[in-house]
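Asks: Attaching a single structure in C-alpha cells format; questions to follow.
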Amino acid sequence: MEQAAYKPGEHPDLPPPSDTVGPIAWVRANLLSSPTNIVLTVLSIWFLYEIIPATLDWAFLDAAFTGESRDECRAKAGGACWAFIGERFNLFTYGFYPADERWRIDLAFVLLCVALLPVLWDRCPLRKYGLYFACAFPFVAGWLLLGGFGLTPVDTDEFGGFMLTLVIGITGITFSLPIGIILALGRQSDMLIVRVFSIWFIEFFRGVPLITLLFVASTMLNYFLPTGTTFDLLLRVLIMVTLFASAYMAEVIRGGLQALPRGQYEAADSMGLKYWTSMRLIILPQALKISIPGIVNTFIGLYKDTTLVIIIGLLDPLGVGRSSLADTKWTGLSNEMYLFVAIFFFISCFGMSRYSLYLEKKLATGHER
Amino acid sequence: MIKSLKIAVIAVALSVAGFSANAATLDDVQARGELNCVVTTGLAGFAAPDENGRWDGFDVDFCRAVAAAVLGDGEKVKFVPSTGKTRFTLLNSGEGDILFRNTTETMSRDADLKLTFLPINYYDGQGFLIRRDMGITSASDLNGASVCIQTGTTTELNLADYFRANGMSYEPVNIETNEEGIANYSGNRCDVYTTDASGLASTRAALDDPSAHVILPEIISKEPLGGAVRHGDDQWADIGKWVVNAIINAEELGVSSANVGEMCAAAGDNPSINRLCGTEGDAGSWVGLDSKWAVRVLEQVGNYGEIFERHIGPNTPLALERGLNAQWTDGGILYAAPIR
C-alpha cells in the first residue's frame, strides 16, 4: 500500500464514486429515482417507441419528395407527399405576388434582418447607423412591397402566404408597443380626458373578439364610409390588429408600471425631472424590463392571431394551404400542409420566446433570489 | 357566438344595403379595369389557385367570362375568396361585384338577402358519403349517425329537414370548408359527410382508399347552383345573366372556343349564331356592351361543354357525368333563354 506516501491533508482528490457521476448516475437520478418515476419512464419509452418510428417512416423514410400529383406520390411511397409542399412552396411564401417582382419580397426580407440586427443585439458593430436604418426600414419595405416611385405597383390583395403573416405580424408588433406604452401611461395619467380616453380605448378593444374587429374591418366599414371611398382591406386589417394588440400591450405594461415601488416615482420627482424625462430615464426602463415576458407573450399571441384573417378571405399560409388542397391534383394532403405551416409558426414563435429569455438574462440586475 | 355575429352582420348588411347599392356597377368595373369576383376559398374543380397562384375552376371560368365580356380580358379578375358565411356580406358590402361560389339559389337568399340570381349553371343535389364497412346502404338507416356538415349552407338546413321528416336524429359535426370536411371524415370524427353530390365525388376521390367509401343513392335536395349579384342594379344583373346564357346557348348552337373565330367572322345562315356573334342585330348594346361581347367570352373561356369538361367532366379527377347538366336537347335540363 502506498497510502503512507501522502502527508496528512495532501492526499489528492479521489474521483467520485462511480455510481454518482456519468450517464448511469444521471439515469438513476432522473429517470429511476422512485417507483412512480420508473413507471413513468417505462410508459414514456413505450410511447416514444410507438410514435417515433411511425412518424419517421411517414415523414421521411416512406415519403415522396417529387411528383406531379398526389397519385404519383401514392405510386412511389405510402407516407407523406412532400412534393405538394415543394410545388406550392412559392405560393406559400409569396402568395399571389407577381412572379417577376418576387425579388422585392426577398430583398425586403434581407433588409428586415439587417434592420433587426442592431435593434435586437446591442453590441452590433455600427449600431448607431443600424438604428437609423431600422427607423427607415418600414418606409423602405412599404415601398418595395407596394411599388410606385419606379417600381411596378402591386395591389395588397396579391399579398399572401408567409409574406402576409410577416407583414401583419411585424407591423402589429412594431406599432403596438409604442401605442401600448402611451395608453398605459395615459391610463395612469392625472389628466381626466387622457385617462378616460385610454380606459375606454383599452376596454373596448380588449372586450371585443379580434374576429369581430376583422369582420368590421372587412365588411362593415364599407357601409359607414361614404360610397365610392375605397380603403385598402389590408390596411384596415393592419389597423385593427395593431389597435387590438395595443390594448393588450397597454395592460401588460401597466402591470410593469404598478410593480415599481412608489419610491422610484418619488425619487424621479425629487430629482426635479419633468414627466417625460423621468419616464424615459427611470420609470419605463424598469417597467419594461419587468414586462418582457408579458410583452413577448402578446407578440406571440398577435403573430399567431394573424391566421384569423382567413375568415375575411385574406390568404395567409393556412388559407393558401386550404385553397391548394382544393386543387384536384393534391386534395386530401392536409396533414402535410398543416405540419408545414406549424413548423413555420413554431420557428418564428420559438425564436421570439428564446430572444425574450436572452433579453431577460442580459437585463437582470440581481433582484432575483 | 359566430352564428349570432353572422346574423348581426347580415342584419346590418340588409338595413344599409339599400343605401350602398351602387347604381352603375358596370361603370365602376370599367373604371377600375378589374372585376371583383367572389369565389370560394377552395373547392376542387370549382375554384382553386394553381401553383403559380392563378385561380382556376368551373366557377372561376364564369368570373373570367364576365370579365371578358365587360373588360375585354378574362384575366382582369380580382378573386375575393369567401367562406360560406362571408360570401353574401362581401357581395352586399360592395367588396365583390359578382358572386360565383357554388351557391344554391333559394327564395330567402333571393328576396331576403337582396340578391339577384343569375341563370343556374350547375344542377346539384345533396348526398351522403359513408364508409363501406358500416354496412349502410340507404340514407333512411342513418338514425343516430354523426354527420359532418358545413355551416351557413343550404345543406345544413336540408339535413335538418330530411332527418326531421323521417323521424330520425343525428349529431352534427360543424365544419367551415370542404377541406375541413375531408379531414374530419377521414379522421373518423363523423360517420357521414354530407354536401352537394359534386363535392362528394371530389371528396371521395381525395380519400386514401376511395373504394372503401360509398355515396348513398339518395339525393335529398335540389341544389340549383348559380351566380348572383346584389339588388339595385338591373343592368349589371342583365349582363351576368346573359353572359351565362350566351355560354349555354353557344354549346347548343355548336359554337366553341375552337371555331368561334371562323363562325363569327361574318354573318352566316343561322340567325341565332349571328345574333350570338353580333353579326346580326346588336344584342350587346341592350346591356351596355359592344357587339362582340359574346365572341370574347367564347374565345377566352369557351362554351358550357368546354368549361364542364375542363374542370369537372369525366376526364378530370372529379369525373362527374353531365346528367341533369346536359343540354335540354341531350336529355338534360340546361335550357337557356334565346338571345334575340
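Residues in the C-alpha cells are numbered from 1 in each chain, the chains being A, B, ... in the order shown, and ligands are numbered from 1 in the order shown.
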Output as an MDAnalysis selection string all residues of range 124-314 of chain A that backbone DSSP marks as helix (DSSP H, G or I).
Replies: chainID A and resid 127:146 156:158 161:187 192:207 210:224 233:259 262:270 275:312
Asks: Near chain A, meaning an atom within 6 Å, which residues of chain B appear when counting only C-alpha atoms? Write them as a list in words.
Replies: Thr41, Gly42, Leu43, Ala44, Ala48, Glu51, Gly53, Pro81, Ser82, Ser93 and Ala206 of chain B
Asks: Restricting it to C-alpha atoms, dump the selection as a PDB file, in the first residue's frame.
Replies:
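Saved file part_31.pdb follows:
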ATOM      1  CA  THR B  41     -61.605  29.743 -50.665  1.00  0.00           C
ATOM      2  CA  GLY B  42     -61.193  26.427 -52.415  1.00  0.00           C
ATOM      3  CA  LEU B  43     -63.405  23.671 -53.788  1.00  0.00           C
ATOM      4  CA  ALA B  44     -61.960  21.044 -56.056  1.00  0.00           C
ATOM      5  CA  ALA B  48     -58.677  26.774 -56.511  1.00  0.00           C
ATOM      6  CA  GLU B  51     -49.040  26.528 -58.114  1.00  0.00           C
ATOM      7  CA  GLY B  53     -51.343  31.482 -57.788  1.00  0.00           C
ATOM      8  CA  PRO B  81     -62.108  34.255 -51.621  1.00  0.00           C
ATOM      9  CA  SER B  82     -65.008  33.774 -49.232  1.00  0.00           C
ATOM     10  CA  SER B  93     -70.973  45.397 -48.952  1.00  0.00           C
ATOM     11  CA  ALA B 206     -59.302  12.519 -52.334  1.00  0.00           C
TER      12      ALA B 206
END
Asks: Identify, on the basis of only C-alpha atoms, every residue whose closest approach to Leu339 in chain A does not exceed 12 Å; exclude the query and any residue fewer than 2 positions from it along the same chain; express the result as a PyMOL selection string.
Replies: chain A and resi 55+59+80-82+85+317-318+321+333-337+341-346
Asks: Smallest atom-to-atom distance to Ser285 in chain B: which of B:Arg109, B:Val39, B:Val70, B:Cys190, using only C-alpha atoms?
Replies: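 Among the listed residues, B:Val70 lies closest to Ser285 in chain B.
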Asks: Would you list the contacts of Val196 in chain A as a PyMOL selection string, taking every protein, DNA or RNA residue within 9 Å and counting only C-alpha atoms, but skipping same-chain residues closer than 4 positions in sequence?
Replies: chain A and resi 186-187+191-192+200-201
Asks: Between B:Cys277, B:Ile219, B:Ala145, B:Ile130, which one has atoms that come closest to Ile182 in chain B, using only C-alpha atoms?
Replies: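 Using only C-alpha atoms, Ile182 in chain B sits closest to B:Ile130.
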Asks: Measuring between only C-alpha atoms, which one of A:Tyr129, A:Lys289, A:Met240, A:Gly67 shows the shortest distance to Lys361 in chain A?
Replies: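 So, comparing all the options, the nearest one is A:Lys289.
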Asks: What's around range 239-256 of chain B at 6 Å? Count only C-alpha atoms, leave out sequence neighbours fewer than 2 positions away in its own chain, and write the answer as a ChimeraX atom specification.
Replies: /B:118-119,236-237,258-260,287,302-304,336
Asks: Using only N, CA and C atoms, please write the residues we just selected to a file, as a tab-separated table (two decimals), in the first residue's frame.
Replies:
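The resulting file, result-v4.tsv, is reproduced below:
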chain	number	residue	atom	x	y	z
B	118	LEU	N	-78.37	34.76	-61.04
B	118	LEU	CA	-78.15	34.62	-62.47
B	118	LEU	C	-78.66	33.22	-62.86
B	119	PRO	N	-78.78	32.92	-64.14
B	119	PRO	CA	-79.29	31.60	-64.52
B	119	PRO	C	-78.45	30.48	-63.89
B	236	TRP	N	-76.53	45.56	-64.52
B	236	TRP	CA	-75.44	44.67	-64.16
B	236	TRP	C	-75.92	43.23	-64.04
B	237	ALA	N	-77.11	43.05	-63.44
B	237	ALA	CA	-77.69	41.71	-63.33
B	237	ALA	C	-77.93	41.14	-64.72
B	258	ALA	N	-62.86	26.82	-80.17
B	258	ALA	CA	-62.07	26.41	-81.33
B	258	ALA	C	-62.60	27.01	-82.63
B	259	ASN	N	-63.96	27.10	-82.75
B	259	ASN	CA	-64.48	27.52	-84.05
B	259	ASN	C	-65.13	28.91	-84.03
B	260	VAL	N	-65.03	29.61	-82.88
B	260	VAL	CA	-65.75	30.88	-82.79
B	260	VAL	C	-65.21	31.90	-83.79
B	287	VAL	N	-77.42	45.59	-73.18
B	287	VAL	CA	-76.93	45.52	-71.80
B	287	VAL	C	-75.75	46.47	-71.60
B	302	GLY	N	-64.74	29.83	-73.55
B	302	GLY	CA	-65.33	28.66	-74.20
B	302	GLY	C	-66.80	28.51	-73.84
B	303	ASN	N	-67.45	27.50	-74.45
B	303	ASN	CA	-68.87	27.30	-74.16
B	303	ASN	C	-69.03	26.40	-72.94
B	304	TYR	N	-70.29	26.15	-72.56
B	304	TYR	CA	-70.57	25.42	-71.33
B	304	TYR	C	-69.90	24.04	-71.32
B	336	ALA	N	-81.33	27.45	-71.90
B	336	ALA	CA	-81.08	28.88	-71.76
B	336	ALA	C	-82.00	29.70	-72.64
